[in-house]
Amino acid sequence: MSAAFTALILFLCTGALVPVNRQFRQTPDGILVFVASNGTHTDVVLPLHVPHTQGASWFRHFPDSSFHSRFGAYEYAAFGWGSEKFYLASYNQQVPGPATVLRALVPGPTLMHVRFLRHAPPAGTHVVAVRISRAQHQLLTAQIEAAFQSDSLNRYTLRNAAGYTANDFFFRATGRYHALRTCNDWTVRTLRRAGLRVPLKSPLAAPVLHQVRQAK
């Protein structure tokens with residue numbers, strides 16, 4: 001058991017240092033997307049309106065038509081995947097206690113967190129901007145769409161009527177959250193499958209931002 005645990009820790013540590021898709025290059029004048037972090041959790045930030053691409057139709061998935069009237073003029077949305085228990089325990093700016101954190105380490109249900117942004121987030125320590133091709137954007141959009149649970153009309157299933165603020169919401173997601181499949185692992189897999197540079201494996205946010213930032 002101790003040998004297996006040691007091997008797992010080594011894998012997680014070294015995986016954060018090893019890039020995949022290292023051949024990725026940004027697309028001049030391409031579609032501007034972002035990877036953002038609050039220090040522990042990462043989101044993929046995509047434009048809500050990109051003409052002639054799949055991403056132009058995000059609003060068709062939302063179950064309430066008021067989403068378009070309320071957020072149709074917004075420019076971006078941040079998408080994050082994570083533990084339902086952890087997300088819901090974080091309401092009212094609460095920090096989840098040790099019991100919630102431990103429960104999140106075993107397989108449990110997940111949510112997609114969608115946060116609408118009026119404008120593109122400013123690049124900085126916790127926000128990395130990347131320009132990608134239309135084909136990469138289409139792959140990225142498809143990966144994010146697949147993370148949502150949908151009804152028979154391909155509309156996302158709203159979990160709560162409100163999120164942390166008036167501009168964010170939780171939807172039921174696919175997949176199970178556990179110690180080896182965290183929110184940051186979801187970001188890594190999502191970006192990797194779209195061809196972007198990411199670490200091989202990272203349960204932490206910082207290595208994700210670092211590898212994305214290396215893309216030229």
# chains A, B, ... in the order shown; residues from 1 in each chain; ligands from 1
$ select_by_dssp --residues "chain A" --states "helix (DSSP H, G or I)" --output "NGL selection string"
:A and (2-15 or 54-61 or 66-71 or 84-89 or 91-93 or 98-104 or 134-146 or 183-193 or 205-213)
$ write_last_selection --atoms "C-alpha atoms" --output "PDB file, in the first residue's frame"
ATOM      1  CA  SER A   2       2.753   2.452   0.911  1.00  0.00           C
ATOM      2  CA  ALA A   3       4.611   1.730  -2.348  1.00  0.00           C
ATOM      3  CA  ALA A   4       1.450   2.330  -4.382  1.00  0.00           C
ATOM      4  CA  PHE A   5       0.747   5.547  -2.515  1.00  0.00           C
ATOM      5  CA  THR A   6       4.308   6.751  -3.077  1.00  0.00           C
ATOM      6  CA  ALA A   7       4.058   5.933  -6.774  1.00  0.00           C
ATOM      7  CA  LEU A   8       0.799   7.876  -6.998  1.00  0.00           C
ATOM      8  CA  ILE A   9       2.326  10.954  -5.355  1.00  0.00           C
ATOM      9  CA  LEU A  10       5.325  10.798  -7.686  1.00  0.00           C
ATOM     10  CA  PHE A  11       3.038  10.502 -10.691  1.00  0.00           C
ATOM     11  CA  LEU A  12       0.983  13.511  -9.633  1.00  0.00           C
ATOM     12  CA  CYS A  13       4.091  15.589  -8.941  1.00  0.00           C
ATOM     13  CA  THR A  14       5.952  14.681 -12.121  1.00  0.00           C
ATOM     14  CA  GLY A  15       2.806  14.768 -14.237  1.00  0.00           C
ATOM     15  CA  GLN A  54     -20.681  25.955 -32.904  1.00  0.00           C
ATOM     16  CA  GLY A  55     -19.985  28.299 -30.007  1.00  0.00           C
ATOM     17  CA  ALA A  56     -22.465  30.836 -31.371  1.00  0.00           C
ATOM     18  CA  SER A  57     -25.376  28.766 -30.070  1.00  0.00           C
ATOM     19  CA  TRP A  58     -24.682  28.363 -26.339  1.00  0.00           C
ATOM     20  CA  PHE A  59     -28.009  29.906 -25.410  1.00  0.00           C
ATOM     21  CA  ARG A  60     -30.021  27.191 -27.137  1.00  0.00           C
ATOM     22  CA  HIS A  61     -28.919  24.824 -24.357  1.00  0.00           C
ATOM     23  CA  SER A  66     -34.583  34.510 -19.937  1.00  0.00           C
ATOM     24  CA  PHE A  67     -30.903  33.535 -20.071  1.00  0.00           C
ATOM     25  CA  HIS A  68     -30.628  35.094 -23.518  1.00  0.00           C
ATOM     26  CA  SER A  69     -32.435  38.279 -22.545  1.00  0.00           C
ATOM     27  CA  ARG A  70     -30.337  38.644 -19.390  1.00  0.00           C
ATOM     28  CA  PHE A  71     -26.933  37.651 -20.730  1.00  0.00           C
ATOM     29  CA  GLU A  84     -21.547  18.870  -6.218  1.00  0.00           C
ATOM     30  CA  LYS A  85     -20.919  18.557  -2.476  1.00  0.00           C
ATOM     31  CA  PHE A  86     -18.024  20.997  -2.552  1.00  0.00           C
ATOM     32  CA  TYR A  87     -19.758  23.526  -4.797  1.00  0.00           C
ATOM     33  CA  LEU A  88     -22.951  23.620  -2.738  1.00  0.00           C
ATOM     34  CA  ALA A  89     -21.011  23.846   0.529  1.00  0.00           C
ATOM     35  CA  TYR A  91     -22.439  29.128  -0.981  1.00  0.00           C
ATOM     36  CA  ASN A  92     -22.374  32.502   0.799  1.00  0.00           C
ATOM     37  CA  GLN A  93     -18.573  32.546   0.473  1.00  0.00           C
ATOM     38  CA  PRO A  98     -12.698  19.101   6.395  1.00  0.00           C
ATOM     39  CA  ALA A  99     -15.629  16.677   6.354  1.00  0.00           C
ATOM     40  CA  THR A 100     -16.864  18.079   3.024  1.00  0.00           C
ATOM     41  CA  VAL A 101     -13.373  17.946   1.551  1.00  0.00           C
ATOM     42  CA  LEU A 102     -12.927  14.328   2.630  1.00  0.00           C
ATOM     43  CA  ARG A 103     -16.334  13.318   1.238  1.00  0.00           C
ATOM     44  CA  ALA A 104     -15.358  14.874  -2.085  1.00  0.00           C
ATOM     45  CA  ARG A 134     -11.691  27.740 -35.234  1.00  0.00           C
ATOM     46  CA  ALA A 135     -11.165  23.981 -35.379  1.00  0.00           C
ATOM     47  CA  GLN A 136      -9.644  23.983 -31.876  1.00  0.00           C
ATOM     48  CA  HIS A 137     -12.454  26.181 -30.621  1.00  0.00           C
ATOM     49  CA  GLN A 138     -14.997  23.748 -32.034  1.00  0.00           C
ATOM     50  CA  LEU A 139     -13.272  20.836 -30.275  1.00  0.00           C
ATOM     51  CA  LEU A 140     -13.104  22.806 -27.026  1.00  0.00           C
ATOM     52  CA  THR A 141     -16.776  23.709 -27.248  1.00  0.00           C
ATOM     53  CA  ALA A 142     -17.718  20.077 -27.895  1.00  0.00           C
ATOM     54  CA  GLN A 143     -15.735  18.909 -24.856  1.00  0.00           C
ATOM     55  CA  ILE A 144     -17.469  21.405 -22.587  1.00  0.00           C
ATOM     56  CA  GLU A 145     -20.911  20.620 -23.980  1.00  0.00           C
ATOM     57  CA  ALA A 146     -20.315  16.924 -23.288  1.00  0.00           C
ATOM     58  CA  CYS A 183     -11.821  20.013 -11.181  1.00  0.00           C
ATOM     59  CA  ASN A 184      -8.340  20.800 -12.481  1.00  0.00           C
ATOM     60  CA  ASP A 185      -8.015  17.350 -14.056  1.00  0.00           C
ATOM     61  CA  TRP A 186     -11.234  18.125 -15.933  1.00  0.00           C
ATOM     62  CA  THR A 187      -9.692  21.357 -17.236  1.00  0.00           C
ATOM     63  CA  VAL A 188      -6.559  19.467 -18.270  1.00  0.00           C
ATOM     64  CA  ARG A 189      -8.525  16.798 -20.148  1.00  0.00           C
ATOM     65  CA  THR A 190     -10.782  19.355 -21.801  1.00  0.00           C
ATOM     66  CA  LEU A 191      -7.906  21.481 -23.077  1.00  0.00           C
ATOM     67  CA  ARG A 192      -5.774  18.468 -24.029  1.00  0.00           C
ATOM     68  CA  ARG A 193      -8.510  16.954 -26.196  1.00  0.00           C
ATOM     69  CA  ALA A 205      -4.388  24.885 -10.554  1.00  0.00           C
ATOM     70  CA  ALA A 206      -0.913  26.436 -10.778  1.00  0.00           C
ATOM     71  CA  PRO A 207       0.656  23.801 -13.106  1.00  0.00           C
ATOM     72  CA  VAL A 208      -2.323  24.097 -15.456  1.00  0.00           C
ATOM     73  CA  LEU A 209      -1.831  27.849 -15.825  1.00  0.00           C
ATOM     74  CA  HIS A 210       1.939  27.436 -16.109  1.00  0.00           C
ATOM     75  CA  GLN A 211       1.793  24.985 -19.014  1.00  0.00           C
ATOM     76  CA  VAL A 212      -0.887  26.942 -20.877  1.00  0.00           C
ATOM     77  CA  ARG A 213       1.209  30.089 -20.433  1.00  0.00           C
TER      78      ARG A 213
END
$ residues_around --residues "Thr40 (chain A)" --least-positions-apart "2" --cutoff "7 Å" --atoms "only C-alpha atoms" --output "NGL selection string"
:A and (37-38 or 42 or 204-205)
$ write_last_selection --atoms "all heavy atoms" --output "tab-separated table (two decimals), in the first residue's frame"
chain	number	residue	atom	x	y	z
A	37	SER	N	-8.15	31.02	-12.91
A	37	SER	CA	-8.08	30.31	-11.63
A	37	SER	C	-8.39	31.26	-10.49
A	37	SER	O	-8.09	32.45	-10.56
A	37	SER	CB	-6.68	29.71	-11.44
A	37	SER	OG	-6.49	29.25	-10.13
A	38	ASN	N	-8.98	30.70	-9.42
A	38	ASN	CA	-9.14	31.48	-8.19
A	38	ASN	C	-8.05	31.12	-7.17
A	38	ASN	O	-8.13	31.47	-6.01
A	38	ASN	CB	-10.52	31.25	-7.58
A	38	ASN	CG	-10.74	29.80	-7.16
A	38	ASN	OD1	-9.85	28.95	-7.29
A	38	ASN	ND2	-11.93	29.49	-6.68
A	42	THR	N	-9.77	25.82	-11.53
A	42	THR	CA	-9.61	26.43	-12.85
A	42	THR	C	-10.91	26.38	-13.64
A	42	THR	O	-11.69	25.44	-13.52
A	42	THR	CB	-8.51	25.72	-13.66
A	42	THR	OG1	-8.71	24.31	-13.62
A	42	THR	CG2	-7.13	26.07	-13.12
A	204	LEU	N	-3.79	20.28	-9.18
A	204	LEU	CA	-3.63	21.65	-8.71
A	204	LEU	C	-3.79	22.64	-9.86
A	204	LEU	O	-3.55	22.30	-11.03
A	204	LEU	CB	-2.26	21.85	-8.04
A	204	LEU	CG	-1.95	20.90	-6.88
A	204	LEU	CD1	-0.54	21.14	-6.36
A	204	LEU	CD2	-2.97	21.06	-5.76
A	205	ALA	N	-4.13	23.87	-9.53
A	205	ALA	CA	-4.39	24.89	-10.55
A	205	ALA	C	-3.11	25.46	-11.15
A	205	ALA	O	-3.03	25.69	-12.36
A	205	ALA	CB	-5.24	26.01	-9.95
$ closest_residue --among "A:Val20, A:Met112, A:Val44, A:Phe62" --to "Asp151 (chain A)" --atoms "only C-alpha atoms"
A:Phe62
$ select_by_dssp --residues "region 68-211 of chain A" --states "strand (DSSP E)" --output "VMD selection string"
chain A and resid 76 to 83 110 to 117 127 to 132 168 to 172 198 to 199
$ atom_distance --atom1 "CA of Arg115 (chain A)" --atom2 "CA of Leu17 (chain A)"
29.4 Å
$ residues_around --residues "Gly108 (chain A)" --least-positions-apart "5" --cutoff "7 Å" --atoms "only C-alpha atoms" --output "VMD selection string"
chain A and resid 83 176 to 178
$ atom_distance --atom1 "CA of Ala78 (chain A)" --atom2 "CA of Ala123 (chain A)"
14.0 Å
$ residues_around --residues "Ile31 (chain A)" --least-positions-apart "6" --cutoff "7 Å" --atoms "only C-alpha atoms" --output "PyMOL selection string"
chain A and resi 131-134
$ write_last_selection --atoms "N, CA and C atoms" --output "mmCIF file, in the first residue's frame"
data_model
loop_
_atom_site.group_PDB
_atom_site.id
_atom_site.type_symbol
_atom_site.label_atom_id
_atom_site.label_comp_id
_atom_site.auth_asym_id
_atom_site.auth_seq_id
_atom_site.Cartn_x
_atom_site.Cartn_y
_atom_site.Cartn_z
ATOM 1 N N ARG A 131 -4.904 32.331 -27.981
ATOM 2 C CA ARG A 131 -5.630 32.435 -29.248
ATOM 3 C C ARG A 131 -5.577 31.093 -29.959
ATOM 4 N N ILE A 132 -6.750 30.581 -30.290
ATOM 5 C CA ILE A 132 -6.835 29.251 -30.889
ATOM 6 C C ILE A 132 -7.554 29.323 -32.232
ATOM 7 N N SER A 133 -7.387 28.274 -33.040
ATOM 8 C CA SER A 133 -8.033 28.220 -34.346
ATOM 9 C C SER A 133 -9.526 27.902 -34.192
ATOM 10 N N ARG A 134 -10.255 28.065 -35.272
ATOM 11 C CA ARG A 134 -11.691 27.740 -35.234
ATOM 12 C C ARG A 134 -11.899 26.247 -35.001
#
$ atom_distance --atom1 "CA of Val35 (chain A)" --atom2 "CA of Leu200 (chain A)"
16.3 Å
$ closest_residue --among "A:Trp81, A:Phe34, A:Phe170, A:Tyr76" --to "Ala147 (chain A)" --atoms "only C-alpha atoms"
A:Trp81
